[in-house]
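Trainee: Mind looking over this structure? Questions follow.
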Amino acid sequence: MKKQCHNPYLPSWEYIPDGEPHVFGDRVYVYGSHDRFNGYAFCLNDYVCWSAPVNDLSDWRYEGVIYRRTDDPKNPDGEMCLYAPDVTRGADGRYYLYYVLDYLPIVSVAVCDTPAGKYTFYGYVHYPDGTLLGEGINDQPQFDPGVLYEDGKVYLYTGFCPRQDSSRLGAMATVLEPDMLTIRKPPVFVAPSLPHGEGTGYEGHTFFEASSIRKIGDTYYFVYSTNLHHELCYATSKDPTGTFTYRGTLVSAIDLGIDSYKPADMPVNYNGNNHGGIEQIDGQWYVFYHRHTNGSSFCRQGCIEPITILEDGSIPQVEVTSSGAGRTLQGKGSYPTYIACHLFRPSNETFSVKPGFWLDCPQPRITQEGRDGDENPGFIENLRDGAIVGFKYFDCQDIRRITVVVRGGSGGTSGGKGGVLEVSTSWDGPSCGEIPVGTSNEWKSYSAPVTVPDGKQALYFRYKGDRGISFASFILE
């Protein structure tokens with residue numbers, strides 16, 4: 001099969017959340033934090049970069065490590081982690097990386113002559129008297145920098161506002177000099193936190209973290225994560241340091257708010273934080289976001305969806321999909337299950353939106369074998385009775401048979417008869433066919449006749465069985 005776009009857009013063994021996409025020249029570069037497979041905390045690895053040609057978002061290239069945690073003078077032993085960064089090109093043509101170490105309230109900056117070369121430490125954002133931003137008498141802690149250089153000014157957006165902390169007022173915008181470090185105008189608040197959101201228009205979608213900024217025409221778009229955690233929302237303003245007006249939700253990693261194929265308040269995955277940004281790539285706008293894998297908050301992977309900017313500047317919320325930038329996948333050939341965009345057990349009581357919720361062992365999860373850095377393909381583990389795996393969307397033409405690759409189902413000393421994977425085109429729709437699966441401790445293929453209607457379709461697999469299985473891939477024939 002020809003290589004296609006899909007989610008996650010990077011290899012299944014790569015964990016790059018908080019992705020900030022930027023087009024420099026004829027390539028798009030993604031800068032994010034770097035989770036560790038089976039990690040015990042957020043962002044344990046050094047910064048790396050991936051890039052792709054603007055005309056082919058299926059062809060991602062690993063650019064290598066661009067900055068190590070020990071490169072910051074305040075972190076020589078590497079005891080602190082590198083949280084979500086952003087990059088902008090300065091007046092001198094160089095590229096500036098803004099970031100925050102997890103235990104410090106200040107903003108660090110590194111610089112490089114190329115978008116994805118080796119960045120070197122440059123300095124800390126500071127007031128003209130040398131006081132570091134975040135350490136001033138009236139400063140709030142800095143977090144998750146989003147940055148935009150324009151006309152000799154640097155606009156820096158930061159903030160972290162836990163739900164019930166009334167001391168955190170909201171997202172901040174700070175203006176820097178062309179040296180990329182010195183503050184020209186001190187922080188002002190541009191979007192409210194939860195305790196300060198009443199009467200602002202942000203009710204229900206107040207600022208939490210994940211500041212990101214873009215300019216489209218004469219309008220500034222501020223993208224951020226809300227106190228619901230799973231969603232990225234946006235606000236707009238004609239003034240980069242003025243009050244931003246809340247406009248709506250861009251994407252929810254669990255599709256809350258989408259009512260086209262399910263109730264709007266029904267999530268189709270498990271909740272966790274979110275962070276990303278928007279970018280125009282080869283004439284099309286996209287939103288970058290992340291999902292959670294491995295039954296943990298600490299193994300996040302980047303995803304992408306096309307978005308549409310309407311004439312009034314609004315952006316309708318988009319569904320999460322498996323096809324991502326490609327919009328549809330070919331309705332023939334083999335697909336790995338780690339590209340699932342839906343994974344849930346609707347009968348399970350934990351199938352509810354709980355901010356910060358981590359998957360527990362009884363839940364299905366996307367995972368891999370080996371250690372962090374091992375280039376092993378991802379798969380779905382621990383599918384139990386009633387669990388649903390969903391993939392969107394395929395251009396289906398004359399599909400008459402589906403083969404699945406699974407393992408497990410063995411009952412050990414208590415036996416086990418295997419189970420069935422029921423196929424449908426909606427999570428609660430009629431069956432298109434059933435694929436009986438046996439019990440095996442090794443990966444094994446099972447095939448059965450399945451008739452899928454022609455056209456653009458989602459595919460859902462519902463497992464029925466008394467023993468859990470792992471699900472590696474499927475073939476559409």
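Going through the structure tokens in order, the chains are called A, B, and so on, while each chain numbers its residues from 1 and the ligands are numbered from 1 in the order shown.
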Going by DSSP on the backbone, which bits of stretch 125-255 of chain A are strand (DSSP E)? Write them as a VMD selection string, please.
Mentor: chain A and resid 146 to 150 153 to 158 170 to 176 183 to 192 207 to 216 219 to 226 231 to 237 245 to 252
Trainee: If we count only C-alpha atoms, what is near A:Ile388 at a cut-off of 7 Å, once residues fewer than 4 positions away on the same chain are taken out, given as a list in words?
Mentor: Leu343, Phe344, Arg345, Tyr460, Phe461, Arg462 and Tyr463 of chain A
Trainee: Name the residues in contact with A:Glu369 at a cut-off of 9 Å, using only C-alpha atoms, excluding same-chain residues fewer than 3 positions from it; report them as number ranges by chain.
Mentor: A: 374, 376-379
Trainee: Taking only C-alpha atoms into account, name the residue in A:Gln284, A:Asn271, A:Gln164, A:Gln317 that is nearest to A:Ser297.
Mentor: A:Asn271
Trainee: Rank nothing, just name the residue among A:Gly373, A:Pro306, A:Pro267, A:Gly117 nearest to A:Arg94, using only C-alpha atoms.
Mentor: A:Gly117
Trainee: Counting only C-alpha atoms, what is within 12 Å of A:Leu176, bar same-chain residues fewer than 3 positions away, as a PyMOL selection string?
Mentor: chain A and resi 90+124-128+133+147-157+173+179-187+241
Trainee: Would you export the selected residues with N, CA and C atoms as a PDB file, in the first residue's frame, please?
Mentor:
ATOM      1  N   GLY A  90      13.460  34.803  14.984  1.00  0.00           N
ATOM      2  CA  GLY A  90      13.706  36.171  15.375  1.00  0.00           C
ATOM      3  C   GLY A  90      14.107  37.069  14.219  1.00  0.00           C
ATOM      4  N   TYR A 124      17.610  33.847  30.023  1.00  0.00           N
ATOM      5  CA  TYR A 124      16.306  33.790  30.685  1.00  0.00           C
ATOM      6  C   TYR A 124      15.542  35.082  30.411  1.00  0.00           C
ATOM      7  N   VAL A 125      14.254  34.971  30.217  1.00  0.00           N
ATOM      8  CA  VAL A 125      13.425  36.165  30.031  1.00  0.00           C
ATOM      9  C   VAL A 125      13.469  36.998  31.309  1.00  0.00           C
ATOM     10  N   HIS A 126      13.737  38.305  31.160  1.00  0.00           N
ATOM     11  CA  HIS A 126      13.964  39.141  32.340  1.00  0.00           C
ATOM     12  C   HIS A 126      13.493  40.574  32.120  1.00  0.00           C
ATOM     13  N   TYR A 127      13.295  41.255  33.223  1.00  0.00           N
ATOM     14  CA  TYR A 127      12.983  42.689  33.206  1.00  0.00           C
ATOM     15  C   TYR A 127      14.257  43.473  32.902  1.00  0.00           C
ATOM     16  N   PRO A 128      14.128  44.751  32.528  1.00  0.00           N
ATOM     17  CA  PRO A 128      15.324  45.559  32.239  1.00  0.00           C
ATOM     18  C   PRO A 128      16.314  45.613  33.392  1.00  0.00           C
ATOM     19  N   LEU A 133      11.596  37.045  34.815  1.00  0.00           N
ATOM     20  CA  LEU A 133      10.146  36.941  34.756  1.00  0.00           C
ATOM     21  C   LEU A 133       9.705  35.681  35.501  1.00  0.00           C
ATOM     22  N   VAL A 147       4.807  31.504  21.714  1.00  0.00           N
ATOM     23  CA  VAL A 147       5.565  32.693  21.351  1.00  0.00           C
ATOM     24  C   VAL A 147       5.365  33.049  19.886  1.00  0.00           C
ATOM     25  N   LEU A 148       5.316  34.372  19.619  1.00  0.00           N
ATOM     26  CA  LEU A 148       5.137  34.880  18.262  1.00  0.00           C
ATOM     27  C   LEU A 148       6.007  36.115  18.087  1.00  0.00           C
ATOM     28  N   TYR A 149       6.867  36.122  17.062  1.00  0.00           N
ATOM     29  CA  TYR A 149       7.668  37.307  16.736  1.00  0.00           C
ATOM     30  C   TYR A 149       6.984  38.062  15.614  1.00  0.00           C
ATOM     31  N   GLU A 150       6.835  39.386  15.798  1.00  0.00           N
ATOM     32  CA  GLU A 150       6.174  40.199  14.782  1.00  0.00           C
ATOM     33  C   GLU A 150       6.631  41.647  14.895  1.00  0.00           C
ATOM     34  N   ASP A 151       7.148  42.178  13.801  1.00  0.00           N
ATOM     35  CA  ASP A 151       7.477  43.606  13.706  1.00  0.00           C
ATOM     36  C   ASP A 151       8.339  44.113  14.864  1.00  0.00           C
ATOM     37  N   GLY A 152       9.392  43.401  15.156  1.00  0.00           N
ATOM     38  CA  GLY A 152      10.324  43.859  16.179  1.00  0.00           C
ATOM     39  C   GLY A 152       9.887  43.590  17.607  1.00  0.00           C
ATOM     40  N   LYS A 153       8.799  42.881  17.791  1.00  0.00           N
ATOM     41  CA  LYS A 153       8.322  42.535  19.132  1.00  0.00           C
ATOM     42  C   LYS A 153       8.138  41.029  19.238  1.00  0.00           C
ATOM     43  N   VAL A 154       8.338  40.539  20.449  1.00  0.00           N
ATOM     44  CA  VAL A 154       8.079  39.130  20.743  1.00  0.00           C
ATOM     45  C   VAL A 154       6.909  39.074  21.710  1.00  0.00           C
ATOM     46  N   TYR A 155       5.856  38.363  21.335  1.00  0.00           N
ATOM     47  CA  TYR A 155       4.696  38.177  22.203  1.00  0.00           C
ATOM     48  C   TYR A 155       4.794  36.799  22.852  1.00  0.00           C
ATOM     49  N   LEU A 156       4.884  36.810  24.170  1.00  0.00           N
ATOM     50  CA  LEU A 156       5.083  35.589  24.948  1.00  0.00           C
ATOM     51  C   LEU A 156       3.836  35.332  25.793  1.00  0.00           C
ATOM     52  N   TYR A 157       3.232  34.160  25.625  1.00  0.00           N
ATOM     53  CA  TYR A 157       2.006  33.797  26.337  1.00  0.00           C
ATOM     54  C   TYR A 157       2.314  32.626  27.272  1.00  0.00           C
ATOM     55  N   ALA A 173       0.100  37.587  28.742  1.00  0.00           N
ATOM     56  CA  ALA A 173       0.850  37.989  27.554  1.00  0.00           C
ATOM     57  C   ALA A 173       1.909  39.002  27.965  1.00  0.00           C
ATOM     58  N   ASP A 179      15.743  41.501  21.284  1.00  0.00           N
ATOM     59  CA  ASP A 179      16.795  40.604  21.766  1.00  0.00           C
ATOM     60  C   ASP A 179      16.225  39.278  22.251  1.00  0.00           C
ATOM     61  N   MET A 180      14.899  39.146  22.240  1.00  0.00           N
ATOM     62  CA  MET A 180      14.164  37.911  22.563  1.00  0.00           C
ATOM     63  C   MET A 180      14.143  37.579  24.046  1.00  0.00           C
ATOM     64  N   LEU A 181      14.734  38.432  24.884  1.00  0.00           N
ATOM     65  CA  LEU A 181      14.841  38.150  26.321  1.00  0.00           C
ATOM     66  C   LEU A 181      14.293  39.257  27.216  1.00  0.00           C
ATOM     67  N   THR A 182      14.543  40.502  26.855  1.00  0.00           N
ATOM     68  CA  THR A 182      14.239  41.621  27.744  1.00  0.00           C
ATOM     69  C   THR A 182      12.784  42.054  27.611  1.00  0.00           C
ATOM     70  N   ILE A 183      12.132  42.254  28.744  1.00  0.00           N
ATOM     71  CA  ILE A 183      10.721  42.617  28.754  1.00  0.00           C
ATOM     72  C   ILE A 183      10.535  44.085  28.377  1.00  0.00           C
ATOM     73  N   ARG A 184       9.714  44.306  27.352  1.00  0.00           N
ATOM     74  CA  ARG A 184       9.336  45.656  26.953  1.00  0.00           C
ATOM     75  C   ARG A 184       8.074  46.097  27.684  1.00  0.00           C
ATOM     76  N   LYS A 185       7.093  45.191  27.753  1.00  0.00           N
ATOM     77  CA  LYS A 185       5.853  45.450  28.479  1.00  0.00           C
ATOM     78  C   LYS A 185       5.579  44.263  29.392  1.00  0.00           C
ATOM     79  N   PRO A 186       5.341  44.520  30.677  1.00  0.00           N
ATOM     80  CA  PRO A 186       5.146  43.414  31.622  1.00  0.00           C
ATOM     81  C   PRO A 186       3.855  42.644  31.343  1.00  0.00           C
ATOM     82  N   PRO A 187       3.682  41.495  32.004  1.00  0.00           N
ATOM     83  CA  PRO A 187       2.531  40.627  31.718  1.00  0.00           C
ATOM     84  C   PRO A 187       1.194  41.308  31.958  1.00  0.00           C
ATOM     85  N   THR A 241      -2.175  41.879  23.022  1.00  0.00           N
ATOM     86  CA  THR A 241      -2.137  41.960  24.482  1.00  0.00           C
ATOM     87  C   THR A 241      -3.441  42.500  25.054  1.00  0.00           C
TER      88      THR A 241
END
Trainee: Using only C-alpha atoms, which residue out of A:Ile258, A:Cys303, A:Ile469, A:Val452 lies closest to A:Arg407?
Mentor: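 The closest residue to A:Arg407 is A:Ile469.
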Trainee: Report as a count of residues only all protein, DNA and RNA residues lying within 8 Å of A:Ser470, evaluated on only C-alpha atoms, omitting residues in the same chain fewer than 2 positions from it.
Mentor: 10
Trainee: Can you pull out the residues contacting A:Glu279? Cut-off 8 Å, using only C-alpha atoms, and skip same-chain residues under 3 positions away; I want them as a list in words.
Mentor: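 Neighbouring residues, sequence-local ones excluded: Pro21, His22, Val23, Arg214, Trp285, Tyr286 and Val287 of chain A.
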Trainee: Export N, CA and C atoms of the chosen residues as an mmCIF file, in the first residue's frame?
Mentor:
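The resulting file, result-v9.cif, is reproduced below:
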data_model
loop_
_atom_site.group_PDB
_atom_site.id
_atom_site.type_symbol
_atom_site.label_atom_id
_atom_site.label_comp_id
_atom_site.auth_asym_id
_atom_site.auth_seq_id
_atom_site.Cartn_x
_atom_site.Cartn_y
_atom_site.Cartn_z
ATOM 1 N N PRO A 21 3.308 23.030 15.839
ATOM 2 C CA PRO A 21 3.772 22.942 14.452
ATOM 3 C C PRO A 21 4.143 24.314 13.903
ATOM 4 N N HIS A 22 5.227 24.368 13.150
ATOM 5 C CA HIS A 22 5.630 25.615 12.499
ATOM 6 C C HIS A 22 6.199 25.294 11.128
ATOM 7 N N VAL A 23 5.743 26.034 10.126
ATOM 8 C CA VAL A 23 6.296 25.904 8.779
ATOM 9 C C VAL A 23 7.463 26.864 8.638
ATOM 10 N N ARG A 214 -1.263 32.219 17.218
ATOM 11 C CA ARG A 214 -1.074 32.376 15.777
ATOM 12 C C ARG A 214 -1.775 33.656 15.340
ATOM 13 N N TRP A 285 -5.355 24.518 6.881
ATOM 14 C CA TRP A 285 -5.133 24.682 8.309
ATOM 15 C C TRP A 285 -5.374 23.358 9.035
ATOM 16 N N TYR A 286 -4.558 23.115 10.069
ATOM 17 C CA TYR A 286 -4.664 21.894 10.880
ATOM 18 C C TYR A 286 -4.581 22.264 12.357
ATOM 19 N N VAL A 287 -5.168 21.405 13.187
ATOM 20 C CA VAL A 287 -4.950 21.482 14.622
ATOM 21 C C VAL A 287 -4.146 20.264 15.043
#
Trainee: Can you measure atom CA of A:Trp443 to atom CA of A:Pro8 for me? One decimal in Å is fine.
Mentor: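 For atom CA of A:Trp443 relative to atom CA of A:Pro8, the distance reads 23.1 Å.
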Trainee: I'd like to know which of A:Gly257, A:Pro17, A:Gly429, A:Gly438 is closest to A:Cys43, using only C-alpha atoms.
Mentor: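 Using only C-alpha atoms, A:Cys43 sits closest to A:Pro17.
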Trainee: Please build the interface table for stretch 100-177 of chain A against stretch 68-71 of chain A with a cut-off of 9 Å, listing for each qualifying residue the nearest atom pair and the distance in Å to one decimal; count only C-alpha atoms, order rows by chain and increasing number, and write it as CSV.
Mentor:
residue,atom,partner,partner_atom,distance
A:Leu101,CA,A:Arg69,CA,8.3
A:Tyr119,CA,A:Arg68,CA,8.9
A:Thr120,CA,A:Asp71,CA,7.1
A:Phe121,CA,A:Asp71,CA,6.4
Trainee: For the selection you just gave me, I'd like the residues written to a file as a compact mmCIF listing (two decimals), in the first residue's frame, keeping N, CA and C atoms.
Mentor:
# COMPACT_ATOMS: atom_id res chain seq x y z
N LEU A 101 11.44 24.72 32.81
CA LEU A 101 11.79 23.51 33.57
C LEU A 101 10.72 23.27 34.63
N TYR A 119 20.26 23.21 19.49
CA TYR A 119 20.02 24.49 20.16
C TYR A 119 21.00 24.65 21.34
N THR A 120 21.42 25.89 21.55
CA THR A 120 22.30 26.20 22.67
C THR A 120 21.61 27.20 23.59
N PHE A 121 21.92 27.11 24.87
CA PHE A 121 21.29 28.00 25.84
C PHE A 121 21.61 29.46 25.51
Trainee: Which is closer to A:Gly390 than all the others in A:Ser424, A:Asn273, A:Ser260, A:Thr245, using only C-alpha atoms?
Mentor: A:Ser424
Trainee: Measuring atom to atom with only C-alpha atoms, identify which of A:Ser431, A:Thr158, A:Ser322, A:Ser33 is nearest to A:Tyr393.
Mentor: A:Ser322
Trainee: State, in Å with one decimal place, the distance from atom CA of A:Thr219 to atom CA of A:Gly277.
Mentor: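 Separating atom CA of A:Thr219 from atom CA of A:Gly277 is a distance of 15.5 Å.
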Trainee: Atom CA of A:Phe288 and atom CA of A:Val223 are how many Å apart?
Mentor: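 Computing it gives 10.7 Å between the two atoms.
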